[in-house]
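What follows is the content of start-v5.cif (mmCIF, C-alpha atoms).
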data_protein
#
loop_
_atom_site.group_PDB
_atom_site.id
_atom_site.type_symbol
_atom_site.label_atom_id
_atom_site.label_comp_id
_atom_site.auth_asym_id
_atom_site.auth_seq_id
_atom_site.Cartn_x
_atom_site.Cartn_y
_atom_site.Cartn_z
ATOM 1 C CA MET S 70 149.157 -204.992 -49.294
ATOM 2 C CA THR S 71 147.021 -207.159 -51.584
ATOM 3 C CA THR S 72 146.136 -205.967 -55.062
ATOM 4 C CA HIS S 73 142.975 -207.479 -56.482
ATOM 5 C CA VAL S 74 142.517 -207.941 -60.202
ATOM 6 C CA LEU S 75 138.754 -208.131 -59.761
ATOM 7 C CA GLN S 76 137.538 -204.564 -59.824
ATOM 8 C CA PHE S 77 133.780 -204.388 -59.811
ATOM 9 C CA VAL S 78 131.873 -201.410 -61.180
ATOM 10 C CA GLY S 79 128.302 -200.614 -60.274
ATOM 11 C CA LEU S 80 125.877 -197.784 -60.865
ATOM 12 C CA SER S 81 123.957 -195.678 -58.380
ATOM 13 C CA LYS S 82 120.154 -195.658 -58.562
ATOM 14 C CA GLN S 83 120.316 -192.380 -60.473
ATOM 15 C CA GLY S 84 122.902 -193.810 -62.870
ATOM 16 C CA ARG S 85 120.734 -196.880 -63.503
ATOM 17 C CA LYS S 86 117.809 -194.629 -64.410
ATOM 18 C CA LYS S 87 119.943 -192.785 -66.986
ATOM 19 C CA VAL S 88 121.185 -195.925 -68.750
ATOM 20 C CA GLY S 89 119.051 -197.104 -71.630
ATOM 21 C CA SER S 90 119.248 -200.466 -73.304
ATOM 22 C CA LEU S 91 121.483 -200.799 -76.319
ATOM 23 C CA PRO S 92 119.497 -201.533 -79.490
ATOM 24 C CA LYS S 93 120.252 -204.900 -81.065
ATOM 25 C CA ALA S 94 122.377 -204.535 -84.168
ATOM 26 C CA ALA S 95 121.237 -206.364 -87.286
ATOM 27 C CA ARG S 96 123.626 -207.881 -89.785
ATOM 28 C CA GLY S 97 125.374 -205.139 -91.694
ATOM 29 C CA ASP S 98 124.562 -202.430 -89.132
ATOM 30 C CA ALA S 99 127.369 -200.174 -87.966
ATOM 31 C CA VAL S 100 127.738 -199.597 -84.233
ATOM 32 C CA GLU S 101 129.372 -196.374 -83.109
ATOM 33 C CA VAL S 102 130.262 -194.988 -79.692
ATOM 34 C CA ARG S 103 130.253 -191.212 -79.435
ATOM 35 C CA VAL S 104 132.045 -189.378 -76.634
ATOM 36 C CA SER S 105 130.952 -185.770 -76.134
ATOM 37 C CA ARG S 106 133.707 -183.823 -74.407
ATOM 38 C CA ALA S 107 132.842 -181.480 -71.518
ATOM 39 C CA LYS S 108 134.987 -178.776 -73.101
ATOM 40 C CA GLY S 109 133.329 -179.240 -76.478
ATOM 41 C CA GLY S 110 133.809 -181.495 -79.427
ATOM 42 C CA CYS S 111 133.155 -185.190 -79.719
ATOM 43 C CA GLU S 112 134.896 -188.342 -80.862
ATOM 44 C CA THR S 113 133.372 -191.401 -82.486
ATOM 45 C CA ALA S 114 134.650 -194.977 -82.574
ATOM 46 C CA LEU S 115 133.294 -197.839 -84.676
ATOM 47 C CA LEU S 116 132.689 -201.111 -82.818
ATOM 48 C CA PRO S 117 132.487 -204.610 -84.248
ATOM 49 C CA PRO S 118 129.131 -206.310 -83.523
ATOM 50 C CA GLU S 119 130.699 -208.656 -80.934
ATOM 51 C CA ALA S 120 132.017 -205.707 -78.917
ATOM 52 C CA ALA S 121 128.638 -203.967 -79.118
ATOM 53 C CA ALA S 122 126.935 -207.152 -77.885
ATOM 54 C CA LEU S 123 129.321 -207.312 -74.920
ATOM 55 C CA ILE S 124 128.646 -203.676 -74.058
ATOM 56 C CA GLY S 125 124.913 -204.427 -74.238
ATOM 57 C CA VAL S 126 125.285 -207.321 -71.783
ATOM 58 C CA VAL S 127 127.339 -205.169 -69.400
ATOM 59 C CA LEU S 128 124.769 -202.350 -69.548
ATOM 60 C CA ASP S 129 121.907 -204.785 -68.881
ATOM 61 C CA HIS S 130 123.645 -206.083 -65.736
ATOM 62 C CA LEU S 131 124.457 -202.567 -64.529
ATOM 63 C CA ARG S 132 120.881 -201.424 -65.138
ATOM 64 C CA GLN S 133 119.641 -204.327 -62.987
ATOM 65 C CA GLY S 134 121.787 -203.066 -60.110
ATOM 66 C CA GLN S 135 124.473 -205.726 -60.443
ATOM 67 C CA ARG S 136 128.173 -204.994 -60.207
ATOM 68 C CA VAL S 137 130.304 -206.023 -63.188
ATOM 69 C CA ALA S 138 133.966 -206.917 -63.701
ATOM 70 C CA VAL S 139 135.523 -207.598 -67.100
ATOM 71 C CA LEU S 140 138.541 -209.878 -67.327
ATOM 72 C CA ALA S 141 140.489 -211.438 -70.192
ATOM 73 C CA GLU S 142 140.864 -215.241 -70.295
ATOM 74 C CA GLU S 143 144.658 -215.062 -70.336
ATOM 75 C CA GLN S 144 144.784 -212.668 -67.395
ATOM 76 C CA GLU S 145 146.544 -214.043 -64.330
ATOM 77 C CA ILE S 146 144.783 -213.738 -61.008
ATOM 78 C CA SER S 147 145.734 -214.253 -57.373
ATOM 79 C CA PRO S 148 144.477 -217.099 -55.192
ATOM 80 C CA ASN S 149 142.275 -214.530 -53.410
ATOM 81 C CA ASP S 150 140.565 -213.563 -56.664
ATOM 82 C CA ALA S 151 140.303 -217.222 -57.715
ATOM 83 C CA ALA S 152 138.627 -217.958 -54.377
ATOM 84 C CA ILE S 153 136.020 -215.270 -55.064
ATOM 85 C CA ILE S 154 135.274 -216.686 -58.521
ATOM 86 C CA LEU S 155 135.157 -220.295 -57.306
ATOM 87 C CA GLY S 156 133.192 -219.508 -54.155
ATOM 88 C CA ILE S 157 135.693 -221.349 -51.952
ATOM 89 C CA SER S 158 138.319 -220.293 -49.424
ATOM 90 C CA ARG S 159 141.788 -219.090 -50.396
ATOM 91 C CA PRO S 160 143.485 -222.023 -48.569
ATOM 92 C CA LEU S 161 141.358 -224.436 -50.607
ATOM 93 C CA VAL S 162 142.436 -222.687 -53.827
ATOM 94 C CA VAL S 163 146.082 -223.080 -52.748
ATOM 95 C CA HIS S 164 145.406 -226.760 -52.013
ATOM 96 C CA ARG S 165 143.866 -227.182 -55.493
ATOM 97 C CA MET S 166 147.035 -225.601 -56.918
ATOM 98 C CA ASP S 167 149.294 -227.877 -54.876
ATOM 99 C CA VAL S 168 147.508 -231.090 -55.938
ATOM 100 C CA GLY S 169 147.496 -230.077 -59.611
ATOM 101 C CA ASP S 170 143.795 -229.260 -60.044
ATOM 102 C CA LEU S 171 144.594 -225.629 -60.851
ATOM 103 C CA PRO S 172 147.703 -224.812 -62.916
ATOM 104 C CA PHE S 173 149.670 -221.822 -61.647
ATOM 105 C CA ARG S 174 153.030 -220.135 -61.753
ATOM 106 C CA TYR S 175 155.015 -218.120 -59.279
ATOM 107 C CA VAL S 176 155.580 -214.420 -59.783
ATOM 108 C CA GLY S 177 158.249 -213.845 -57.171
ATOM 109 C CA ARG S 178 156.765 -215.583 -54.123
ATOM 110 C CA HIS S 179 153.172 -215.076 -55.269
ATOM 111 C CA ARG S 180 151.042 -217.652 -57.049
ATOM 112 C CA ARG S 181 149.143 -216.677 -60.183
ATOM 113 C CA ALA S 182 146.621 -218.720 -62.168
ATOM 114 C CA LYS S 183 145.151 -217.906 -65.557
ATOM 115 C CA LEU S 184 141.508 -216.929 -65.488
ATOM 116 C CA LYS S 185 140.673 -219.547 -68.131
ATOM 117 C CA ASP S 186 142.076 -222.291 -65.838
ATOM 118 C CA VAL S 187 140.063 -220.974 -62.885
ATOM 119 C CA LEU S 188 136.894 -220.961 -65.015
ATOM 120 C CA LEU S 189 137.616 -224.509 -66.212
ATOM 121 C CA LEU S 190 137.967 -225.644 -62.591
ATOM 122 C CA LYS S 191 134.711 -223.838 -61.752
ATOM 123 C CA ARG S 192 132.894 -225.741 -64.516
ATOM 124 C CA ARG S 193 134.283 -229.025 -63.157
ATOM 125 C CA LEU S 194 133.307 -228.162 -59.578
ATOM 126 C CA ASP S 195 129.820 -227.097 -60.698
ATOM 127 C CA ALA S 196 129.401 -230.371 -62.638
ATOM 128 C CA GLN S 197 130.507 -232.349 -59.572
ATOM 129 C CA GLN S 198 128.050 -230.440 -57.395
ATOM 130 C CA THR S 199 125.222 -231.139 -59.854
ATOM 131 C CA ALA S 200 126.102 -234.850 -59.854
ATOM 132 C CA ILE S 201 126.192 -234.949 -56.051
ATOM 133 C CA GLU S 202 122.775 -233.279 -55.845
ATOM 134 C CA ALA S 203 121.323 -235.742 -58.385
ATOM 135 C CA LEU S 204 122.791 -238.660 -56.438
ATOM 136 C CA ALA S 205 121.290 -237.320 -53.211
ATOM 137 C CA GLU S 206 117.860 -237.015 -54.868
ATOM 138 C CA ASN S 207 118.113 -240.570 -56.222
ATOM 139 C CA THR S 208 119.126 -241.849 -52.803
ATOM 140 C CA ASP S 209 116.155 -240.104 -51.170
ATOM 141 C CA ALA S 210 113.797 -241.544 -53.778
ATOM 142 C CA LEU S 211 115.165 -245.072 -53.294
ATOM 143 C CA MET S 212 114.889 -244.759 -49.525
ATOM 144 C CA ARG S 213 111.274 -243.600 -49.794
ATOM 145 C CA SER S 214 110.292 -246.282 -52.303
ATOM 146 C CA HIS S 215 111.836 -249.073 -50.214
ATOM 147 C CA GLY S 216 110.637 -247.781 -46.858
ATOM 148 C CA LEU S 217 114.066 -247.048 -45.428
#
Let me see the file written as structure tokens.
Amino acid sequence: MTTHVLQFVGLSKQGRKKVGSLPKAARGDAVEVRVSRAKGGCETALLPPEAAALIGVVLDHLRQGQRVAVLAEEQEISPNDAAIILGISRPLVVHRMDVGDLPFRYVGRHRRAKLKDVLLLKRRLDAQQTAIEALAENTDALMRSHGL
């Protein structure tokens, strides 16, 4: 049985209608979250501005009908989850691990990579893809200009 670290949360259409946007906090503003209990009473927690900004981003994505997952950089993920993030197959993730492109460690017999390493590899792969696309455009332009 495979356990996935990536757990996406989404909202129904009715839930999206209920969610309002979080007002932007100005410097010096206090941001509080209030939880009203079903059995009565409420609790309030103060949030630092960075946490409030993150919650605002999450709410914006949820309101747009997107699913959201929150992960910590140091969190270790499976090759399956890395494959989802990278947009490649699991065997290719394992190959990237084997050739040293993606650092990992074994937990028992299972491979685990840190999310920050997966994201670094994704940035490198995206940069390579951008370079390949630019090269292809330049090649097409040269072929057209020289009648090839």
Atom CA of Arg96 of chain S to atom CA of Glu119 of chain S, straight-line distance in Å:
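Computing it gives 11.4 Å between the two atoms.
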Please evaluate the PyMOL selection byres ((chain S and resi 90) around 7) against the displayed coordinates and give the resulting residues as JSON, numbers by chain.
{"S": [88, 89, 91, 92, 125, 128, 129]}
Could you spell out the hits of the PyMOL selection byres ((chain S and resi 184) around 8) on the shown file, as a list in words?
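That expression, the PyMOL selection byres ((chain S and resi 184) around 8), corresponds here to Leu140, Ala141, Glu142, Glu143, Gln144, Glu145, Ile146, Ala151, Ala182, Lys183, Lys185, Asp186, Val187 and Leu188 of chain S.
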Give me the residues near Ala95 of chain S as number ranges by chain, where near means some atom within 12 Å (using only C-alpha atoms) and where sequence neighbours in that chain fewer than 2 positions away do not count.
S: 92-93, 97-100, 117-119, 121-122
Expansion of the PyMOL selection byres ((chain S and resi 134) around 9) into residues, as number ranges by chain
S: 79-82, 85, 129-133, 135-136
Give the answer as one residue: which of S:Ala205, S:Ala196, S:Val162, S:Met212 has the shortest atom-to-atom distance to Asp150 of chain S, using only C-alpha atoms?
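When distances to Asp150 of chain S are compared using only C-alpha atoms, the smallest one comes from S:Val162.
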